[in-house]
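The block underneath contains the structure these notes are about, expressed in structure tokens.
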Amino acid sequence: MTFTANHLWLIPTLPLLAAGLGALAPSKDRRLAAGSAIVAMAISFVLACLALQSALQAPATHAVANFAWFDLGASPMRLGFLLDPLTAFMCVMVTFVGLLIFIFSLGYMQADANFKQFFCFLSLFAAAMLGVLVANSLLLLFICWELVGLASYLLIGFWFHKPSAAAAAKKAFITTRIGDLGLLLGLLWLYDATGSLLFYDGGQGVLENTALAALAGQTLGGGLALSTAIGLLIFCGAIGKSGQFPLHVWLPDAMEGPTPVSALIHAATMVAAGVFLVARVYPLMQIDAALAAVPVHALTVVAFIGAITALLGAFIACGQNDIKRVLAFSTVSQLGYMMLALGVGSWTAAIFHLLTHAFFKALLFLGAGSVIHAAHHEQDIRLLGGLRPKMKITFATFAIGMMALSGVPFLFSGFWSKEAILHAAHAWDVSHLPLYAGLAAVVLTAFYMTRLVAETFLGQPRSAAAEHAHENSAVMTIPLILLALGAIGLGFLGTPAWPWLQARLSGTELHSSLHHLMEGSGLMLLSIGLVGVGLGLGWWLYGRRLRTTAEARDPLVVTAPQVMAALANRLGFDELYAATVGRLNHFTATLAQGIDRWVLGGLVNFLAQLGVFSGTVNRQLDEDGLNGGFDQISASVRGSGQRYAQAQTGEAHGYLRVMAVAFIVLALVLVLGGAR
Amino acid sequence: MTPLHLCLLISSGLFCIGLTGALARSNTILVLLGIELMLNAANLNFIAFWRFGPAPSPANGMIFVLFAIAVAAAEAAVGLALIIAVYRHQKNIRLQEANTLRG
Amino acid sequence: MLGSAAAAMLLRNLIHSALLLILSWASVAAFYLWAGAEFAAFAQILVYVGAISMVVLFAVLLTRQNQVADVVIEPASRKRATTALTVGACLAGILSAAVVASRFPAAAVTAPATTVKLIGLELMERHGAALLIIGVILTVALIGATLLAATEAKRNPEDAP
Amino acid sequence: MSAAALTDSFLERAPLALRDWVVNFLPAPLQWLGHHLITIIAVLAVFGTFFAFTTIAERKLLARLQNRLGPNRSGLPWIKGLTLFGLSQPFADAIKTLTKEDIVPAAADKCLHFLAPVIVVAFSLMTFAVLPFGRHLIPVELDAALLYFFAAGAATELAIFMAGWSSRNKYSLLAAMRALAQLISYELPLILSVVPIVLVTSTLSTQNIVLAQGGWTFGFLPHWFVFTPWGFPAFIIFLVAALAESNRSPFDLPEAESELIAGHLTEYSGFKYALFFMAEYFGLTALSGLGVTLFLGGWQAPIAALQFIPSYAWFMLKLIGMLVFFIWIRGTLLRLRIDQLTRLAWQFLVPLALLNVGNAAFWILTASWSGPLQLIRWAISLAIIVIPFILLGRTLTAGYAPRTYRYAP
């Protein structure tokens, strides 16, 4: 039994079927909805593993299964599925993490009234996400991409009775739409330029040499290559979906959704879609790098956006007090890292970090979910504390996640993937600014994670909720343990000494030697040192003197109140947008209303007055002049009508007879007239 | 006298019988059945021309007949349901007494 | 065929005329069989003898009047019968005269080879839309007939066809 | 011995050879007539005796099911003491009914009263014409055989109406109407259960349908339609509808002796009654034969190794199996009430049969699926039919608590 690209459609279809089943199932039938979702996900996971195994046998090839969807004029619109290591690795990750999160949700959402809908939405989301991964057409990818957006809207606004959740859902939806508009424009432009949207199509696809050369060959005004422009437009979509600066504002607000949603969508999968998209169209982004004449390269923009995001997210995370928001900004920062890696030319490092990040960030979110569930939905870290003895498994796994995220050396996966990115940034010859931003973010990451763990788990319980917290059931802890194992083990797939993952992804030969490990040891030592600085700083500020009451002021707030206030306010991005974009929007709306009321309305009113006047004149004429004549005519019509009505006897026989006689006459005419 | 002539004679006979019945009988059911007979006569023509026509097409006449039969079935069902409804209303089914629609 | 049809139209007994009509339909089917249109013949029997006849018989029984009313012959109905006969005879005369007078091109010797598969393909491909419409008509007729004939809230669906 | 020789052996051809031998004695112009006459006579003779022995088998089996002995006394004439377990009972019955007085009510419509049993027997015999009894044994090979079968079956309803109406007896007429209601209700699921077969084989010819079921997986898993996820439910629906169509228990309401005297047969006696009885058994046998043809592989052997047994023997064996199954059901199940009966048809069998048609369409659409998809195909196909089965079954039994019995102390 071999698994080929022809079977790939099964992977997203199974969760879709589960979603359909869940939608049809009666509301009270919890077992059916959850069971079908989990079973479908498990089967998808097995299929994804098969796909991975078959993709690894020939890592350098892109197996495709294309089919015509409909005819557009003379040319058929074609869609397809693509099986290569990138797709396969992502599918395995999404299905595995998704499966664990589904199982975790069983416990977390147990008491929710809309349990069934939740699993239905989750399945829909998984289906759409897997659809993004297996698509071999930018159009199919875009369709699934929008479905992902829809599912995320539904899930963020799952507790829609909370106004903040509804607002957050709308915000996420609208903000990502801005990016998607760019993606759609890029898609249209690409179709216009190449006449195809298939990625790989036996030499005809847009990511293959013929089309790429044609794209890079054309220049627009300002010396911009066509491929650069299209690449940047597509990158807009990634900015929106992956929460990159300046569209990162929706991601922290999206934490209003249930915590498994945050783990699934806003840590492991959906936000990674942007990174995946850039990695998928990498040949397109990359092609202009060779052109010296081009003033700005698409990947340079990607690198700087990523660097800014990484630093910004890490800074803001230091000033947050909500356990999930800290993790959310951390996600923003880590996605910045991935973009940075893409920008500096190492997409394999980006995907490596994506995979490890998916595991440890899902772990952290689920751990946070476990804490929140145990502490009766208390999310403020100032009100938590002292959970370590009460929730041993959660603490242990959360600590593993924290160390993986901080990049504690050697044992944890985050270290290796982050190292790979920093090395790639170091090797980038355009600028070293992204490297410095990345190094700064390393310190900050270690710092805020130390703060988070210290505040949440150590010290004294600072509220009744934290006082009565206790460990959750196995349904919730087992996924944590499995994810923790992944967070540790996954790093060893891509160490510099044995870069198996990178080699498999890019389809190159695998060179393994300890020599590579030594090569970049200087940078590695530096980053280890920086991690140490971050951890030490965190320990010095928070671990040394543990917070005792909820009201006690944060040590940083004491030293730099303005900075911390600004950070807590997320550097005022929301206010900035409200003051600029929102104000502009409001102004245009007012203007439009004014035009509508005074200019158009005035015209309409004038016409109406005119109509009323002419109507009055008309009526006078009518009543006096015309009516008399019409009365007579209608009287005569009525009279003749009454006479004709006599013929309508109501007797069917009479009608039949008339018809028969008419038929005879017709037959006579035809026969005598000699009609042929 | 070819077979086609014979067929056409038979079918016109059937048609006339149906017509006469529909005109003569006062029972609505029988009027309806007379109409069914006329339909059958038309079907006979289709088959006759299909079989004995100058250039027989593979299935056209037959398909006409099949459609006609299906429509006749629908017509009979609705017609008889109407008759039952009328019967409920005026307690008999004489066609000449169902004349409330007269002008 | 003609005899049974004529008798059906003449008889006073409704059940007898219905049964004779069924016989007439069956003989139409026999005619189809003779003409080589097997499929149409079986369809004719299935639809007319199997289904329409049942509907007719049910309708006759459901609307049975007292026997006396049927026997009385009104002057109006006699007059109607004579007109009907005149009209029918005229038409028969004209039609048969026309048929006898016309010349047709020579017929094909053998019946067109029409297999069931061919009919199915024709129906589904060339006449697909018509088939669809017929399906809709039948569905609508079924629902309409049930609604028309049903008065009580609970009624067995087989009372209407 | 090759497979062709096996399937075309002397035994296989024996009935045909016999017929040709007889026909050769006739003058050439009469040969075709003889040909057909012999076929008709053979069918009449075989199924006549078959009918006779079905009645005795039914009586015997029912008796055994009810812990009785059944008829065991009638022996052979002139030979005393040799009773052969009462095997000659049907002949005794035949003589008895023939010699009974034929009573016709004074007010009855004599002509129709006489015609009804004749029509019913004639038409139920006509259905045998298209059943393929063996590899080379089919009375008439028609392109539209299935349509013919149902068209011929439709006339039975007419006969029942005639019987009920011509008796000029209120209760006969009412019973006839009830019988008609039942027959029309169950005609629908019966035909709908056959549609999937037509869809899949894309033919109406019974012989071709049997041929489509030839072949074995591993030499012992026959490709009969009953072993497919759409064929099995279709077969069950067919069985239930066939039971109802032939007025068998548990659907024997039209002539439930213990409740309705004998329904539309109340005013019949003597040989006319026997004719009705005979027609009923012919109908049952014909429907069983159709079931065997459509679902159980017709004359195909169940195992490749058993092909040397002639095909008509297999057909007869399967037919007997079906009949025994029907008798068994009669001995086991209780009679339904009329409302339960119609509800079962319209709210359960018809929707299920319609869904099953869709199921067969799905099966054809996915005919090219192989490998792991084959399993998914089976799973989806099963789900299409099982889930509605459960849901419809729930609505059908809603409001009925399990019956509790209270025994005398």
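Residue numbering restarts at 1 in every chain; chains get A, B, ... in the order shown in the structure tokens, and ligands count up from 1 in that same order.
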What are the residues of chain C lining chain A at 8 Å or less? Count only C-alpha atoms, and put the answer as a list of chain:residue names. C:Ala84, C:Val87, C:Cys90, C:Leu91, C:Ile94, C:Leu95, C:Ala98
Which parts of range 37-91 of chain D does DSSP call alpha helix (DSSP H) when run on the backbone here, written out as a ChimeraX atom specification? /D:37-65,89-91
Please produce a file of those selected residues containing N, CA and C atoms, as a CSV table (one decimal), in the first residue's frame.
chain,number,residue,atom,x,y,z
D,37,LEU,N,-44.6,-24.8,-26.6
D,37,LEU,CA,-45.6,-25.6,-25.8
D,37,LEU,C,-44.9,-26.5,-24.8
D,38,ILE,N,-43.8,-27.1,-25.3
D,38,ILE,CA,-43.1,-27.9,-24.3
D,38,ILE,C,-42.5,-27.1,-23.2
D,39,THR,N,-42.0,-26.0,-23.5
D,39,THR,CA,-41.5,-25.1,-22.4
D,39,THR,C,-42.6,-24.8,-21.4
D,40,ILE,N,-43.8,-24.4,-22.0
D,40,ILE,CA,-44.9,-24.1,-21.1
D,40,ILE,C,-45.3,-25.3,-20.2
D,41,ILE,N,-45.4,-26.4,-20.9
D,41,ILE,CA,-45.9,-27.6,-20.2
D,41,ILE,C,-44.8,-27.9,-19.1
D,42,ALA,N,-43.6,-27.8,-19.5
D,42,ALA,CA,-42.6,-28.1,-18.4
D,42,ALA,C,-42.7,-27.2,-17.2
D,43,VAL,N,-42.8,-25.9,-17.5
D,43,VAL,CA,-43.0,-25.0,-16.4
D,43,VAL,C,-44.2,-25.4,-15.5
D,44,LEU,N,-45.3,-25.6,-16.2
D,44,LEU,CA,-46.5,-25.9,-15.5
D,44,LEU,C,-46.4,-27.2,-14.7
D,45,ALA,N,-45.8,-28.2,-15.3
D,45,ALA,CA,-45.6,-29.5,-14.6
D,45,ALA,C,-44.7,-29.3,-13.4
D,46,VAL,N,-43.6,-28.7,-13.6
D,46,VAL,CA,-42.6,-28.6,-12.5
D,46,VAL,C,-43.2,-27.8,-11.4
D,47,PHE,N,-43.8,-26.6,-11.7
D,47,PHE,CA,-44.2,-25.8,-10.6
D,47,PHE,C,-45.6,-26.2,-10.1
D,48,GLY,N,-46.3,-27.0,-10.9
D,48,GLY,CA,-47.5,-27.6,-10.3
D,48,GLY,C,-47.2,-28.6,-9.2
D,49,THR,N,-46.3,-29.5,-9.5
D,49,THR,CA,-45.9,-30.4,-8.5
D,49,THR,C,-45.2,-29.7,-7.3
D,50,PHE,N,-44.4,-28.7,-7.7
D,50,PHE,CA,-43.7,-27.9,-6.7
D,50,PHE,C,-44.7,-27.3,-5.8
D,51,PHE,N,-45.8,-26.8,-6.3
D,51,PHE,CA,-46.9,-26.2,-5.5
D,51,PHE,C,-47.5,-27.3,-4.6
D,52,ALA,N,-47.7,-28.4,-5.2
D,52,ALA,CA,-48.3,-29.5,-4.4
D,52,ALA,C,-47.5,-29.8,-3.2
D,53,PHE,N,-46.2,-29.9,-3.4
D,53,PHE,CA,-45.3,-30.4,-2.3
D,53,PHE,C,-45.0,-29.2,-1.4
D,54,THR,N,-45.1,-28.0,-1.9
D,54,THR,CA,-44.9,-26.8,-1.0
D,54,THR,C,-46.0,-26.9,0.1
D,55,THR,N,-47.3,-27.1,-0.4
D,55,THR,CA,-48.3,-27.1,0.6
D,55,THR,C,-48.1,-28.2,1.7
D,56,ILE,N,-47.7,-29.4,1.3
D,56,ILE,CA,-47.5,-30.4,2.3
D,56,ILE,C,-46.3,-30.1,3.1
D,57,ALA,N,-45.3,-29.5,2.5
D,57,ALA,CA,-44.1,-29.1,3.3
D,57,ALA,C,-44.5,-28.1,4.3
D,58,GLU,N,-45.3,-27.1,3.9
D,58,GLU,CA,-45.7,-26.1,4.8
D,58,GLU,C,-46.4,-26.7,6.0
D,59,ARG,N,-47.4,-27.5,5.6
D,59,ARG,CA,-48.2,-28.1,6.7
D,59,ARG,C,-47.3,-28.9,7.7
D,60,LYS,N,-46.5,-29.7,7.1
D,60,LYS,CA,-45.6,-30.5,7.9
D,60,LYS,C,-44.7,-29.7,8.8
D,61,LEU,N,-44.1,-28.7,8.2
D,61,LEU,CA,-43.1,-27.9,8.9
D,61,LEU,C,-43.8,-27.1,10.0
D,62,LEU,N,-44.9,-26.5,9.6
D,62,LEU,CA,-45.6,-25.7,10.6
D,62,LEU,C,-46.0,-26.6,11.8
D,63,ALA,N,-46.4,-27.8,11.4
D,63,ALA,CA,-46.8,-28.7,12.5
D,63,ALA,C,-45.6,-29.0,13.4
D,64,ARG,N,-44.5,-29.3,12.8
D,64,ARG,CA,-43.3,-29.5,13.6
D,64,ARG,C,-43.0,-28.3,14.5
D,65,LEU,N,-43.1,-27.1,13.9
D,65,LEU,CA,-42.8,-25.9,14.7
D,65,LEU,C,-43.8,-25.8,15.8
D,89,GLN,N,-50.9,-36.4,0.4
D,89,GLN,CA,-51.9,-35.5,0.9
D,89,GLN,C,-52.3,-34.5,-0.2
D,90,PRO,N,-51.4,-33.8,-0.9
D,90,PRO,CA,-51.8,-32.8,-1.8
D,90,PRO,C,-52.8,-33.4,-2.9
D,91,PHE,N,-52.5,-34.6,-3.3
D,91,PHE,CA,-53.4,-35.2,-4.4
D,91,PHE,C,-54.8,-35.4,-3.8
Check range 75-286 of chain D with DSSP on the backbone and list each residue it calls strand (DSSP E or B), as a list of chain:residue names.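 Secondary structure check on range 75-286 of chain D, strand (DSSP E or B): D:Trp216, D:Thr217, D:Leu221, D:Pro222.
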Just checking: using only C-alpha atoms, which residue out of C:Ser27, C:Ser53, C:Thr139, C:Ser4 ends up closest to chain D? C:Ser53
Residues at most 12 Å from Ala274 in chain D, counting only C-alpha atoms, excluding those fewer than 5 positions away in the same chain, as a list in words? Phe51, Ala52, Thr55, Pro90, Asp93, Ala94, Ile95, Lys96, Thr97, Leu98, Thr99, Lys100, Asp102, Pro117, Val118, Val120, Val121, Leu265, Tyr268, Ser269, Ala279, Glu280 and Tyr281 of chain D
Interface list for chain D, partner chain A, 9 Å threshold, only C-alpha atoms, as a ChimeraX atom specification: /D:371-373
Given the choices D:Pro229, D:Gly70, D:Pro302, D:Gly331, which gets closest to Ala379 in chain D if the distance is worked out from only C-alpha atoms? D:Pro229
Find the residues in chain D near chain C: any atom within 6 Å counts, using only C-alpha atoms. Write them as a compact mmCIF listing (two decimals) with C-alpha atoms, in the first residue's frame.
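Heads up, here's the output in out.txt:
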# COMPACT_ATOMS: atom_id res chain seq x y z
CA TYR D 148 -42.31 -7.75 -17.52
CA ALA D 151 -46.17 -5.78 -15.11
CA ALA D 154 -49.72 -5.98 -11.37
Would you list the contacts of Gly538 in chain A as a list in words, taking every protein, DNA or RNA residue within 7 Å and counting only C-alpha atoms, but skipping same-chain residues closer than 2 positions in sequence? Phe447, Tyr448, Thr450, Arg451, Gly534, Leu535, Gly536, Trp540, Leu541, Tyr542 and Gly543 of chain A
Pick from C:Phe31, C:Ala81, C:Ala37, C:Ser24 nearest to Gly21 in chain B, counting only C-alpha atoms: C:Ala81
For range 294-304 of chain A: contacts at 8 Å, only C-alpha atoms, fewer than 2 positions along chain excluded, given as a list in words: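 So, after excluding close chain neighbours, the residues are Gly223, Leu224, Ala225, Thr228, Ala229, Gly231, Leu232, Phe235, Met285, Gln286, Asp288, Ala289, Leu291, Ala292, Gly306, Ala307, Ile308, Met339, Leu340, Ala341, Leu342, Gly343, Val344, Gly345 and Pro434 of chain A.
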Write the residues of the preceding selection, restricted to N, CA and C atoms, as a short mmCIF file (atom, residue, chain, number, x, y, z; two decimals), in the first residue's frame.
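So out_37.cif came out as:
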data_model
loop_
_atom_site.label_atom_id
_atom_site.label_comp_id
_atom_site.auth_asym_id
_atom_site.auth_seq_id
_atom_site.Cartn_x
_atom_site.Cartn_y
_atom_site.Cartn_z
N GLY A 223 12.00 50.14 -10.80
CA GLY A 223 12.96 49.04 -10.85
C GLY A 223 12.54 47.82 -10.07
N LEU A 224 11.31 47.81 -9.59
CA LEU A 224 10.83 46.68 -8.79
C LEU A 224 10.53 45.51 -9.72
N ALA A 225 11.06 44.34 -9.38
CA ALA A 225 10.73 43.17 -10.21
C ALA A 225 9.30 42.74 -9.94
N THR A 228 8.95 40.45 -7.10
CA THR A 228 9.05 41.10 -5.80
C THR A 228 7.69 41.66 -5.39
N ALA A 229 7.04 42.33 -6.33
CA ALA A 229 5.75 42.93 -5.99
C ALA A 229 4.74 41.86 -5.60
N GLY A 231 5.37 38.84 -4.59
CA GLY A 231 5.81 38.21 -3.35
C GLY A 231 5.43 39.05 -2.15
N LEU A 232 5.62 40.37 -2.26
CA LEU A 232 5.28 41.22 -1.12
C LEU A 232 3.78 41.20 -0.86
N PHE A 235 3.05 38.14 0.87
CA PHE A 235 3.55 38.26 2.23
C PHE A 235 2.58 39.04 3.11
N MET A 285 9.69 34.12 -3.71
CA MET A 285 10.26 35.19 -2.91
C MET A 285 11.76 35.32 -3.19
N GLN A 286 12.37 34.17 -3.47
CA GLN A 286 13.82 34.09 -3.53
C GLN A 286 14.39 34.58 -4.86
N ASP A 288 14.19 37.04 -6.74
CA ASP A 288 14.73 38.37 -6.98
C ASP A 288 16.04 38.62 -6.23
N ALA A 289 16.40 37.72 -5.31
CA ALA A 289 17.63 37.92 -4.55
C ALA A 289 18.84 37.94 -5.47
N LEU A 291 18.93 39.23 -8.39
CA LEU A 291 18.95 40.39 -9.26
C LEU A 291 19.54 41.58 -8.52
N ALA A 292 20.70 41.99 -8.91
CA ALA A 292 21.36 43.07 -8.19
C ALA A 292 20.68 44.41 -8.48
N GLY A 306 10.17 40.62 10.35
CA GLY A 306 10.31 39.57 11.36
C GLY A 306 11.11 40.06 12.54
N ALA A 307 12.21 40.76 12.29
CA ALA A 307 13.06 41.22 13.38
C ALA A 307 12.29 42.19 14.27
N ILE A 308 11.60 43.14 13.65
CA ILE A 308 10.83 44.10 14.43
C ILE A 308 9.80 43.38 15.29
N MET A 339 9.81 34.43 10.73
CA MET A 339 9.85 35.29 9.55
C MET A 339 11.28 35.76 9.30
N LEU A 340 11.95 36.05 10.41
CA LEU A 340 13.33 36.49 10.30
C LEU A 340 14.15 35.42 9.59
N ALA A 341 13.93 34.16 10.03
CA ALA A 341 14.68 33.07 9.41
C ALA A 341 14.36 32.97 7.93
N LEU A 342 13.08 33.12 7.60
CA LEU A 342 12.70 33.07 6.19
C LEU A 342 13.40 34.17 5.43
N GLY A 343 13.39 35.37 6.06
CA GLY A 343 13.96 36.54 5.39
C GLY A 343 15.44 36.40 5.14
N VAL A 344 16.15 35.80 6.11
CA VAL A 344 17.59 35.71 5.92
C VAL A 344 17.98 34.51 5.10
N GLY A 345 16.98 33.82 4.57
CA GLY A 345 17.33 32.82 3.56
C GLY A 345 17.35 31.40 4.04
N PRO A 434 19.00 42.35 12.04
CA PRO A 434 18.10 41.29 12.49
C PRO A 434 18.76 40.39 13.53
#
Show which residues sit within 8 Å of Val99 in chain C, as an MDAnalysis selection string. Count only C-alpha atoms, and ignore same-chain residues fewer than 6 positions away. chainID B and resid 5 8:9
Give me the residues near Gly153 in chain D as an MDAnalysis selection string, where near means some atom within 8 Å (using only C-alpha atoms) and where sequence neighbours in that chain fewer than 3 positions away do not count. chainID D and resid 123:124 127 149:150 156:157
